[in-house]
>>> print(open('my_file-v4.csv').read())   # CSV, C-alpha atoms
chain,number,residue,atom,x,y,z
A,1,MET,CA,-57.6,10.9,-3.0
A,2,LYS,CA,-54.2,9.7,-3.9
A,3,ASN,CA,-51.4,10.2,-1.4
A,4,ALA,CA,-48.8,12.8,-2.3
A,5,PRO,CA,-45.4,11.3,-3.2
A,6,PRO,CA,-42.9,11.2,-0.4
A,7,ALA,CA,-40.2,13.8,-0.3
A,8,ARG,CA,-36.9,12.7,-1.8
A,9,GLU,CA,-34.2,12.0,0.7
A,10,ALA,CA,-30.8,13.7,0.3
A,11,LYS,CA,-29.2,10.3,0.9
A,12,PRO,CA,-31.3,7.4,-0.3
A,13,ARG,CA,-31.9,4.5,2.0
A,14,LEU,CA,-29.8,1.5,1.1
A,15,ARG,CA,-31.6,-1.5,-0.4
A,16,VAL,CA,-31.7,-4.6,1.7
A,17,TYR,CA,-31.0,-7.7,-0.4
A,18,PRO,CA,-33.0,-10.8,0.6
A,19,TYR,CA,-30.1,-12.9,1.8
A,20,TRP,CA,-30.7,-16.6,2.6
A,21,TRP,CA,-28.1,-17.3,5.3
A,22,PRO,CA,-29.0,-17.5,8.9
A,23,PRO,CA,-29.0,-14.4,11.1
A,24,SER,CA,-26.4,-16.1,13.4
A,25,LEU,CA,-23.8,-15.6,10.6
A,26,VAL,CA,-24.6,-11.9,10.3
A,27,LEU,CA,-24.3,-11.6,14.1
A,28,ARG,CA,-20.9,-13.2,14.0
A,29,GLN,CA,-19.7,-10.5,11.6
A,30,ALA,CA,-21.3,-7.8,13.7
A,31,GLY,CA,-19.1,-9.0,16.6
A,32,SER,CA,-16.0,-8.3,14.5
A,33,ALA,CA,-17.2,-4.7,13.8
A,34,LEU,CA,-18.0,-4.3,17.5
A,35,ALA,CA,-14.5,-5.4,18.5
A,36,ILE,CA,-13.0,-2.9,16.1
A,37,GLY,CA,-15.2,-0.2,17.7
A,38,ILE,CA,-14.1,-1.1,21.2
A,39,LEU,CA,-10.4,-1.4,20.4
A,40,THR,CA,-10.3,1.9,18.5
A,41,ARG,CA,-12.9,3.8,20.6
A,42,TRP,CA,-14.8,4.4,17.4
A,43,ARG,CA,-17.1,7.3,18.2
A,44,ARG,CA,-19.4,6.8,15.2
A,45,MET,CA,-19.9,3.1,15.5
A,46,PRO,CA,-23.6,3.3,16.5
A,47,GLN,CA,-24.3,5.5,13.4
A,48,TRP,CA,-22.4,3.1,11.2
A,49,PHE,CA,-24.5,0.1,12.4
A,50,PHE,CA,-27.6,2.1,11.8
A,51,ARG,CA,-26.6,3.6,8.4
A,52,TYR,CA,-24.5,0.8,6.8
A,53,GLY,CA,-24.7,-2.3,9.0
A,54,PHE,CA,-27.8,-3.7,7.5
A,55,LYS,CA,-26.1,-3.8,4.1
A,56,CYS,CA,-22.5,-4.3,5.1
A,57,LEU,CA,-23.0,-7.2,7.5
A,58,PRO,CA,-25.1,-9.4,5.2
A,59,GLY,CA,-22.7,-8.4,2.3
A,60,ALA,CA,-19.9,-10.0,4.4
A,61,ALA,CA,-22.0,-13.1,3.9
A,62,GLY,CA,-21.3,-14.7,7.3
A,63,SER,CA,-17.6,-14.5,7.0
A,64,HIS,CA,-15.3,-15.6,9.8
A,65,GLY,CA,-14.4,-12.2,11.2
A,66,MET,CA,-12.1,-9.7,9.6
A,67,GLY,CA,-8.8,-10.2,7.9
A,68,CYS,CA,-6.3,-8.7,5.5
A,69,ILE,CA,-7.9,-8.0,2.1
A,70,GLY,CA,-11.4,-8.0,3.6
A,71,PHE,CA,-13.7,-10.7,4.9
A,72,PRO,CA,-12.7,-14.4,4.9
A,73,ASP,CA,-14.3,-16.4,3.4
A,74,HIS,CA,-14.8,-15.3,-0.2
A,75,PRO,CA,-13.5,-15.8,-3.7
A,76,VAL,CA,-12.4,-13.1,-6.1
A,77,TRP,CA,-12.5,-13.5,-9.9
A,78,GLU,CA,-10.3,-11.3,-12.0
A,79,MET,CA,-12.6,-11.5,-15.0
A,80,THR,CA,-10.4,-9.7,-17.4
A,81,THR,CA,-7.2,-7.7,-17.7
A,82,VAL,CA,-8.9,-5.2,-20.1
A,83,CYS,CA,-9.1,-1.8,-18.5
A,84,ASN,CA,-9.6,1.8,-19.7
A,85,LEU,CA,-6.9,2.9,-17.2
A,86,LYS,CA,-3.2,2.0,-16.7
A,87,CYS,CA,-2.5,2.5,-13.0
A,88,ILE,CA,1.2,2.6,-12.2
A,89,HIS,CA,0.8,0.1,-9.3
A,90,CYS,CA,-1.6,-2.3,-10.9
A,91,HIS,CA,-0.9,-5.9,-9.7
A,92,THR,CA,-2.7,-7.3,-12.8
A,93,ALA,CA,-0.8,-4.9,-15.2
A,94,GLY,CA,-4.3,-4.2,-16.6
A,95,GLY,CA,-5.0,-2.5,-19.9
A,96,GLU,CA,-4.8,-4.9,-22.8
A,97,PRO,CA,-6.8,-8.2,-23.0
A,98,GLY,CA,-5.0,-11.2,-21.7
A,99,ALA,CA,-4.5,-14.5,-23.5
A,100,ALA,CA,-7.1,-17.3,-23.0
A,101,GLU,CA,-9.5,-15.6,-20.7
A,102,LEU,CA,-12.3,-17.8,-19.5
A,103,THR,CA,-15.3,-17.8,-21.8
A,104,THR,CA,-18.9,-17.1,-20.5
A,105,ASP,CA,-19.6,-20.9,-20.2
A,106,GLN,CA,-16.3,-21.6,-18.6
A,107,GLY,CA,-16.9,-18.7,-16.1
A,108,LYS,CA,-20.3,-20.2,-15.2
A,109,ARG,CA,-18.8,-23.6,-14.6
A,110,MET,CA,-16.2,-22.0,-12.4
A,111,LEU,CA,-19.0,-20.2,-10.4
A,112,ASP,CA,-20.8,-23.6,-10.1
A,113,GLY,CA,-17.6,-25.0,-8.5
A,114,LEU,CA,-17.2,-22.0,-6.1
A,115,SER,CA,-20.8,-22.4,-5.0
A,116,ARG,CA,-20.1,-25.9,-3.7
A,117,VAL,CA,-17.7,-24.5,-1.1
A,118,LYS,CA,-19.9,-24.1,1.9
A,119,ASN,CA,-18.4,-20.9,3.3
A,120,PHE,CA,-18.3,-19.0,0.0
A,121,ARG,CA,-21.4,-16.8,0.0
A,122,MET,CA,-20.0,-13.6,-1.3
A,123,MET,CA,-18.6,-13.4,-4.9
A,124,ALA,CA,-16.3,-10.6,-5.9
A,125,PHE,CA,-15.8,-9.6,-9.5
A,126,THR,CA,-12.8,-7.6,-10.4
A,127,GLY,CA,-10.3,-6.9,-13.3
A,128,GLY,CA,-8.9,-5.0,-15.1
A,129,GLU,CA,-12.2,-3.2,-15.3
A,130,PRO,CA,-15.2,-5.7,-15.1
A,131,LEU,CA,-17.5,-3.3,-17.0
A,132,MET,CA,-15.3,-3.7,-20.0
A,133,ARG,CA,-16.4,-7.4,-20.2
A,134,PRO,CA,-19.5,-7.7,-22.4
A,135,ASP,CA,-21.0,-10.7,-20.5
A,136,LEU,CA,-20.6,-9.1,-17.0
A,137,PHE,CA,-24.3,-8.8,-16.4
A,138,GLU,CA,-25.0,-12.3,-17.6
A,139,LEU,CA,-22.4,-13.6,-15.2
A,140,LEU,CA,-23.7,-11.5,-12.3
A,141,ALA,CA,-27.2,-12.8,-12.8
A,142,TYR,CA,-25.8,-16.4,-12.9
A,143,ALA,CA,-23.9,-15.9,-9.6
A,144,ARG,CA,-26.9,-14.3,-8.0
A,145,ALA,CA,-29.0,-17.4,-9.0
A,146,LEU,CA,-26.5,-19.6,-7.3
A,147,GLY,CA,-27.1,-17.7,-4.0
A,148,PHE,CA,-24.1,-15.4,-4.0
A,149,ALA,CA,-24.1,-11.8,-2.8
A,150,ASN,CA,-22.4,-10.0,-5.6
A,151,THR,CA,-19.7,-7.4,-5.1
A,152,ILE,CA,-17.7,-5.6,-7.8
A,153,ALA,CA,-14.4,-3.8,-7.8
A,154,THR,CA,-14.4,-1.0,-10.4
A,155,ASN,CA,-12.6,2.2,-11.1
A,156,ALA,CA,-16.1,3.8,-11.5
A,157,THR,CA,-15.2,6.0,-14.4
A,158,LEU,CA,-17.7,4.1,-16.7
A,159,ILE,CA,-20.6,4.2,-14.2
A,160,ASN,CA,-23.5,6.5,-14.6
A,161,ASP,CA,-27.0,6.3,-13.1
A,162,ASN,CA,-28.2,3.7,-15.6
A,163,ALA,CA,-25.2,1.5,-15.2
A,164,ALA,CA,-25.5,1.7,-11.4
A,165,ARG,CA,-29.1,0.7,-11.4
A,166,ARG,CA,-28.3,-2.2,-13.7
A,167,LEU,CA,-25.6,-3.4,-11.3
A,168,ARG,CA,-28.1,-3.2,-8.4
A,169,ASP,CA,-30.7,-5.1,-10.4
A,170,HIS,CA,-28.2,-7.9,-11.0
A,171,GLY,CA,-27.5,-8.5,-7.4
A,172,VAL,CA,-24.5,-6.2,-6.7
A,173,VAL,CA,-24.8,-5.1,-3.1
A,174,ILE,CA,-21.3,-3.6,-2.5
A,175,ALA,CA,-19.1,-1.7,-5.0
A,176,ALA,CA,-15.4,-1.2,-4.3
A,177,VAL,CA,-13.9,1.8,-5.9
A,178,SER,CA,-10.3,2.9,-5.8
A,179,LEU,CA,-9.2,6.4,-4.8
A,180,ASP,CA,-5.4,7.0,-4.8
A,181,GLY,CA,-5.2,10.7,-4.1
A,182,PHE,CA,-7.0,13.5,-2.4
A,183,THR,CA,-6.3,15.7,-5.4
A,184,ALA,CA,-7.2,15.0,-9.0
A,185,GLN,CA,-3.5,15.6,-9.9
A,186,THR,CA,-2.3,12.8,-7.7
A,187,HIS,CA,-5.1,10.3,-8.5
A,188,ASP,CA,-4.9,11.0,-12.2
A,189,MET,CA,-1.1,10.5,-12.1
A,190,VAL,CA,-1.4,7.1,-10.4
A,191,ARG,CA,-4.3,6.1,-12.6
A,192,GLY,CA,-2.7,7.1,-15.8
A,193,LEU,CA,-5.6,9.2,-17.2
A,194,ALA,CA,-6.5,12.8,-16.9
A,195,GLY,CA,-10.0,13.3,-15.7
A,196,SER,CA,-10.2,9.9,-14.0
A,197,PHE,CA,-10.6,11.4,-10.5
A,198,ASP,CA,-13.7,13.5,-11.5
A,199,ALA,CA,-15.2,10.6,-13.4
A,200,ALA,CA,-14.6,8.2,-10.4
A,201,VAL,CA,-16.3,10.6,-8.0
A,202,LYS,CA,-19.3,10.9,-10.3
A,203,GLY,CA,-19.5,7.2,-10.6
A,204,MET,CA,-19.4,6.8,-6.8
A,205,ARG,CA,-22.2,9.2,-6.4
A,206,ALA,CA,-24.3,7.3,-9.0
A,207,LEU,CA,-23.7,4.1,-7.1
A,208,GLY,CA,-24.9,5.7,-3.9
A,209,ARG,CA,-28.1,7.0,-5.6
A,210,ALA,CA,-28.7,3.4,-6.8
A,211,GLY,CA,-28.6,2.2,-3.2
A,212,ILE,CA,-25.4,0.2,-3.6
A,213,LEU,CA,-23.1,0.3,-0.6
A,214,LEU,CA,-19.9,2.1,-1.4
A,215,HIS,CA,-16.6,0.5,-0.4
A,216,VAL,CA,-13.4,2.6,-1.1
A,217,ASN,CA,-9.9,1.2,-1.6
A,218,ILE,CA,-6.9,3.3,-1.1
A,219,THR,CA,-3.4,2.1,-1.9
A,220,ALA,CA,-0.9,3.8,0.4
A,221,MET,CA,2.4,4.6,-1.2
A,222,GLU,CA,5.1,7.3,-1.0
A,223,TYR,CA,3.2,9.3,-3.7
A,224,ASN,CA,0.1,9.8,-1.5
A,225,VAL,CA,0.8,8.9,2.1
A,226,ASP,CA,0.9,12.5,3.1
A,227,GLN,CA,-2.7,13.0,1.7
A,228,LEU,CA,-4.3,10.2,3.7
A,229,ASN,CA,-5.9,12.5,6.3
A,230,GLU,CA,-7.7,14.5,3.6
A,231,LEU,CA,-8.5,11.4,1.7
A,232,VAL,CA,-10.3,9.9,4.7
A,233,ASN,CA,-12.3,13.1,5.0
A,234,LEU,CA,-13.3,12.8,1.3
A,235,VAL,CA,-14.3,9.2,1.8
A,236,GLY,CA,-16.7,10.4,4.5
A,237,ASP,CA,-18.2,13.0,2.2
A,238,LEU,CA,-18.9,10.3,-0.4
A,239,ASP,CA,-21.1,8.3,2.1
A,240,THR,CA,-18.7,5.3,2.3
A,241,GLY,CA,-19.5,2.3,4.5
A,242,ILE,CA,-16.2,0.4,4.1
A,243,LEU,CA,-12.6,1.6,3.7
A,244,LEU,CA,-9.8,-0.7,2.8
A,245,ILE,CA,-6.3,0.8,3.0
A,246,TYR,CA,-3.9,-1.2,0.9
A,247,GLN,CA,-0.1,-1.1,1.0
A,248,LEU,CA,1.7,-1.2,-2.3
A,249,VAL,CA,3.2,-4.7,-2.9
A,250,PRO,CA,5.8,-4.8,-5.7
A,251,VAL,CA,4.0,-7.2,-8.1
A,252,GLY,CA,2.7,-6.5,-11.6
A,253,ARG,CA,3.4,-3.0,-12.7
A,254,GLY,CA,4.3,-2.2,-9.0
A,255,ARG,CA,7.7,-3.8,-9.6
A,256,ALA,CA,8.7,-0.7,-11.6
A,257,ILE,CA,8.0,1.6,-8.6
A,258,GLN,CA,9.6,-0.3,-5.7
A,259,ASP,CA,10.8,3.1,-4.3
A,260,ALA,CA,7.1,3.8,-3.5
A,261,VAL,CA,6.8,0.8,-1.2
A,262,LEU,CA,6.3,1.9,2.4
A,263,SER,CA,9.3,1.3,4.7
A,264,ARG,CA,9.0,-0.5,8.0
A,265,GLU,CA,8.7,2.9,9.8
A,266,ALA,CA,6.1,4.2,7.3
A,267,ASN,CA,4.1,0.9,7.8
A,268,GLU,CA,4.0,1.6,11.5
A,269,ARG,CA,2.9,5.2,11.0
A,270,LEU,CA,0.2,4.0,8.6
A,271,ALA,CA,-1.1,1.5,11.1
A,272,ASN,CA,-1.2,4.1,13.9
A,273,PHE,CA,-2.9,6.5,11.5
A,274,MET,CA,-5.6,4.0,10.8
A,275,ALA,CA,-6.3,3.4,14.5
A,276,ARG,CA,-6.6,7.1,15.1
A,277,ALA,CA,-8.7,7.8,11.9
A,278,GLN,CA,-11.1,5.0,12.8
A,279,ARG,CA,-12.1,6.9,15.9
A,280,ARG,CA,-13.7,9.7,13.8
A,281,THR,CA,-14.5,8.2,10.4
A,282,ASN,CA,-17.9,7.1,9.2
A,283,ALA,CA,-16.6,3.9,7.5
A,284,ILE,CA,-15.2,0.8,9.0
A,285,MET,CA,-11.5,0.5,8.1
A,286,GLU,CA,-9.5,-2.6,7.3
A,287,PRO,CA,-5.9,-3.1,6.2
A,288,VAL,CA,-4.7,-4.9,3.1
A,289,ALA,CA,-1.0,-6.1,3.0
A,290,GLY,CA,-0.8,-4.8,6.5
A,291,PRO,CA,-1.9,-7.5,8.9
A,292,GLN,CA,0.3,-5.9,11.6
A,293,TYR,CA,-2.7,-3.7,12.3
A,294,TRP,CA,-4.5,-6.3,14.3
A,295,PRO,CA,-1.7,-6.9,16.9
A,296,LEU,CA,-1.1,-3.1,17.0
A,297,LEU,CA,-4.7,-2.7,18.2
A,298,LEU,CA,-4.2,-5.3,20.9
A,299,LYS,CA,-0.9,-3.8,22.0
A,300,ARG,CA,-2.5,-0.4,22.3
A,301,VAL,CA,-4.8,-1.8,25.0
A,302,HIS,CA,-2.0,-4.0,26.5
A,303,ILE,CA,-3.4,-7.4,25.3
A,304,ALA,CA,-0.5,-9.8,24.8
A,305,ASN,CA,-1.6,-13.2,25.9
A,306,GLY,CA,-4.2,-15.3,27.6
A,307,LEU,CA,-7.9,-15.5,26.9
A,308,PRO,CA,-8.2,-12.0,25.3
A,309,LEU,CA,-5.6,-12.9,22.7
A,310,TYR,CA,-7.3,-16.3,22.1
A,311,LEU,CA,-10.6,-14.5,21.5
A,312,ALA,CA,-8.9,-11.9,19.2
A,313,GLU,CA,-7.6,-14.8,17.1
A,314,LYS,CA,-11.1,-15.9,16.5
A,315,ILE,CA,-12.1,-12.5,15.2
A,316,PHE,CA,-9.1,-11.1,13.4
A,317,HIS,CA,-7.3,-13.4,10.9
A,318,GLY,CA,-4.4,-11.4,9.6
A,319,CYS,CA,-3.1,-12.6,6.3
A,320,SER,CA,-6.1,-14.4,4.7
A,321,ALA,CA,-4.3,-15.8,1.6
A,322,GLY,CA,-5.5,-19.3,1.0
A,323,ARG,CA,-7.3,-19.4,4.3
A,324,GLY,CA,-10.8,-18.4,3.2
A,325,PHE,CA,-9.6,-15.9,0.5
A,326,VAL,CA,-8.8,-17.1,-3.0
A,327,TYR,CA,-8.1,-15.3,-6.3
A,328,ILE,CA,-8.9,-16.6,-9.7
A,329,LYS,CA,-7.0,-15.2,-12.7
A,330,PRO,CA,-8.6,-14.4,-16.1
A,331,ASP,CA,-7.2,-17.6,-17.6
A,332,GLY,CA,-8.5,-19.8,-14.7
A,333,GLU,CA,-5.3,-20.0,-12.7
A,334,VAL,CA,-6.0,-20.1,-8.9
A,335,TRP,CA,-3.8,-18.0,-6.7
A,336,PRO,CA,-3.9,-17.6,-2.9
A,337,CYS,CA,-4.2,-13.8,-3.3
A,338,PRO,CA,-3.5,-11.2,-5.9
A,339,PHE,CA,0.0,-10.6,-4.5
A,340,ILE,CA,1.1,-14.2,-4.3
A,341,GLU,CA,2.0,-15.1,-7.9
A,342,MET,CA,1.9,-18.9,-7.4
A,343,SER,CA,-0.5,-21.2,-9.2
A,344,CYS,CA,-2.5,-23.7,-7.1
A,345,GLY,CA,-4.1,-25.2,-10.2
A,346,ASN,CA,-6.4,-24.2,-13.1
A,347,VAL,CA,-10.2,-24.5,-13.1
A,348,ARG,CA,-10.0,-25.4,-16.8
A,349,GLU,CA,-8.2,-28.6,-15.9
A,350,ARG,CA,-9.5,-29.5,-12.4
A,351,PRO,CA,-12.7,-28.8,-10.5
A,352,PHE,CA,-12.2,-25.9,-8.1
A,353,ALA,CA,-13.2,-28.0,-5.1
A,354,GLU,CA,-10.2,-30.3,-5.8
A,355,ILE,CA,-7.8,-27.3,-6.1
A,356,TRP,CA,-9.3,-25.8,-2.9
A,357,SER,CA,-8.8,-29.0,-0.8
A,358,GLU,CA,-5.7,-30.5,-2.3
A,359,SER,CA,-3.3,-27.7,-3.4
A,360,PRO,CA,0.1,-27.9,-1.7
A,361,VAL,CA,0.5,-24.1,-1.8
A,362,LEU,CA,-2.9,-23.6,0.0
A,363,GLU,CA,-2.1,-26.3,2.5
A,364,GLN,CA,1.2,-24.6,3.3
A,365,LEU,CA,-0.5,-21.3,3.9
A,366,ARG,CA,-3.1,-23.0,6.1
A,367,ARG,CA,-0.3,-24.4,8.3
A,368,ARG,CA,1.7,-21.3,8.2
A,369,GLU,CA,2.1,-21.0,12.0
A,370,THR,CA,4.4,-24.0,12.0
A,371,LEU,CA,6.3,-23.0,8.9
A,372,LEU,CA,6.9,-19.2,9.3
A,373,LYS,CA,10.6,-18.2,9.5
A,374,GLY,CA,12.5,-15.5,11.2
A,375,GLN,CA,10.7,-13.1,13.5
A,376,CYS,CA,7.3,-14.1,12.1
A,377,GLY,CA,7.9,-17.7,13.1
A,378,SER,CA,8.7,-16.8,16.8
A,379,CYS,CA,6.1,-14.0,17.1
A,380,LEU,CA,3.4,-14.1,19.7
A,381,TYR,CA,0.9,-12.8,17.1
A,382,ARG,CA,1.8,-15.3,14.3
A,383,ARG,CA,-1.8,-16.7,14.3
A,384,LEU,CA,-3.4,-13.2,14.6
A,385,CYS,CA,-1.2,-11.6,11.9
A,386,GLY,CA,1.2,-14.0,10.1
A,387,GLY,CA,2.8,-11.1,8.2
A,388,CYS,CA,2.0,-10.3,4.6
A,389,ARG,CA,2.9,-13.4,2.7
A,390,GLY,CA,2.6,-11.6,-0.7
A,391,ARG,CA,5.2,-9.0,0.4
A,392,ALA,CA,7.5,-11.7,1.9
A,393,LEU,CA,7.4,-13.6,-1.4
A,394,ALA,CA,7.8,-10.5,-3.6
A,395,MET,CA,10.7,-9.0,-1.6
A,396,THR,CA,12.6,-12.2,-0.5
A,397,GLY,CA,11.4,-15.0,-2.9
A,398,ASP,CA,10.3,-17.1,0.1
A,399,LEU,CA,6.6,-17.5,0.8
A,400,MET,CA,7.3,-18.2,4.5
A,401,ALA,CA,10.0,-15.6,5.1
A,402,GLU,CA,9.5,-12.9,7.8
A,403,ASP,CA,7.6,-9.9,6.5
A,404,PRO,CA,10.3,-7.3,5.6
A,405,CYS,CA,8.1,-4.4,6.7
A,406,CYS,CA,6.9,-5.8,10.1
A,407,PHE,CA,7.3,-3.3,12.9
A,408,ILE,CA,5.7,-5.3,15.8
A,409,HIS,CA,9.0,-6.6,17.2
A,410,ASP,CA,10.5,-3.1,17.2
>>> encode(input="my_file-v4.csv", output="structure tokens")
Amino acid sequence: MKNAPPAREAKPRLRVYPYWWPPSLVLRQAGSALAIGILTRWRRMPQWFFRYGFKCLPGAAGSHGMGCIGFPDHPVWEMTTVCNLKCIHCHTAGGEPGAAELTTDQGKRMLDGLSRVKNFRMMAFTGGEPLMRPDLFELLAYARALGFANTIATNATLINDNAARRLRDHGVVIAAVSLDGFTAQTHDMVRGLAGSFDAAVKGMRALGRAGILLHVNITAMEYNVDQLNELVNLVGDLDTGILLIYQLVPVGRGRAIQDAVLSREANERLANFMARAQRRTNAIMEPVAGPQYWPLLLKRVHIANGLPLYLAEKIFHGCSAGRGFVYIKPDGEVWPCPFIEMSCGNVRERPFAEIWSESPVLEQLRRRETLLKGQCGSCLYRRLCGGCRGRALAMTGDLMAEDPCCFIHD
């Protein structure tokens, strides 16, 4: 007699992708999550490890701890500027197709070059909207064949159950989706399209049904900062494993809304809010363009020097621009991060490995502790934090200037 089919679970078990890197690398990332849990008194840390850890930690691909804009080390490819939305803060100014975007073959050659960097095991695809690019699935399959764990950043408005399953079958293990308001009114205003909030939520639920780990991005700005508490609750309802809280950096279309950039005082309030919210949320939280979060956590438990600070510097890496994190533009230009609009070279003209090892801009960022100016240069936490180099460049014109929104010295 045939066995009866098992009852369907309300929340499907996440698929475990057959990663090839050693368990020791996964354990190293687990140590970072454990440190966050201890420093914030994260009540739901055991549940997070059980529910999300087996997907999130391998998805981090053996990275060197936690840093601003996610895990170092990993590359991000902005595949296209084409997008069905026109967000008011978009650093890519997405919408229309850009000039001279990499072709499919050029993209594959770039992926070949990235795969030769030993520490790059996770490959992130972003835009614009990656699903607007016709060869997305071909490139995902190619990256997977090279041994990458694929992640994708999408607005989720174009994702249904069929698209979500297709992404899963092409090696996507984590999907990052942006939410910029607790209410549809705020989110749709920021995203520039009525109905985008409801469509994004439907897309996120489809990703969950497909077994892809959901990673939510929130950009904190004056338009939504008073909704963050409700937004974090919504993130929990959506079964989210990772939550990145961005700060608005005035680049791209964000230059037109500089009044929405958080002040120094608001930056401090946001960091304290994250530390409080981590205690009760289901997702692990990380800052983007807010590396002051890491020293804030240490100050809350009175760690200021000695061995504890040294160990923290091995786990938390503050600004990761050019130090494990790298950003490739649609035309092949290599930037240290999406907020540092400085070319380190072009993969059309030079192999990526040469750019990665020889770029003067990247070398400058890797030696930042000896080059930082102002209060960042004299700060006890300059290795742990380093300030947001993108914000420093955007607001002062100097890559090594002190972060204008740093509150640590106050």
>>> residues_around(input="my_file-v4.csv", residues="Ser359 (chain A)", least_positions_apart="6", cutoff="10 Å", atoms="only C-alpha atoms", output="MDAnalysis selection string")
chainID A and resid 322 334 343:345
>>> atom_distance(input="my_file-v4.csv", atom1="CA of Gly386 (chain A)", atom2="CA of Pro308 (chain A)")
18.0 Å
>>> residues_around(input="my_file-v4.csv", residues="region 229-234 of chain A", least_positions_apart="6", cutoff="8 Å", atoms="only C-alpha atoms", output="number ranges by chain")
A: 181-182, 277, 281
>>> atom_distance(input="my_file-v4.csv", atom1="CA of Leu248 (chain A)", atom2="CA of Gly98 (chain A)")
22.8 Å
>>> residues_around(input="my_file-v4.csv", residues="Lys202 (chain A)", least_positions_apart="2", cutoff="10 Å", atoms="only C-alpha atoms", output="list in words")
Ala156, Thr157, Leu158, Ile159, Asn160, Asp161, Ser196, Phe197, Asp198, Ala199, Ala200, Met204, Arg205, Ala206, Leu207, Gly208 and Leu238 of chain A
>>> closest_residue(input="my_file-v4.csv", among="A:Asp105, A:Asp403, A:Asp112, A:Glu313", to="Ala353 (chain A)", atoms="only C-alpha atoms")
A:Asp112
>>> residues_near_point(input="my_file-v4.csv", point="(-29.4, -18.9, -7.2)", cutoff="12 Å", atoms="all atoms listed in the file", output="list in words")
Pro18, Tyr19, Trp20, Leu111, Asp112, Ser115, Arg121, Leu139, Leu140, Ala141, Tyr142, Ala143, Arg144, Ala145, Leu146, Gly147, Phe148, Ala149, Asn150, His170 and Gly171 of chain A
>>> closest_residue(input="my_file-v4.csv", among="A:Glu349, A:Glu369, A:Glu402, A:Glu286", to="Ser32 (chain A)", atoms="all atoms listed in the file")
A:Glu286
>>> atom_distance(input="my_file-v4.csv", atom1="CA of Arg28 (chain A)", atom2="CA of Met45 (chain A)")
16.4 Å
>>> residues_around(input="my_file-v4.csv", residues="Pro97 (chain A)", least_positions_apart="6", cutoff="10 Å", atoms="all atoms listed in the file", output="VMD selection string")
chain A and resid 80 to 83 128 330
>>> residues_around(input="my_file-v4.csv", residues="Gln185 (chain A)", least_positions_apart="4", cutoff="12 Å", atoms="only C-alpha atoms", output="ChimeraX atom specification")
/A:179-181,189-198,223-224,227
>>> closest_residue(input="my_file-v4.csv", among="A:Cys379, A:Leu270, A:Ala184, A:Ala30", to="Thr219 (chain A)", atoms="only C-alpha atoms")
A:Leu270
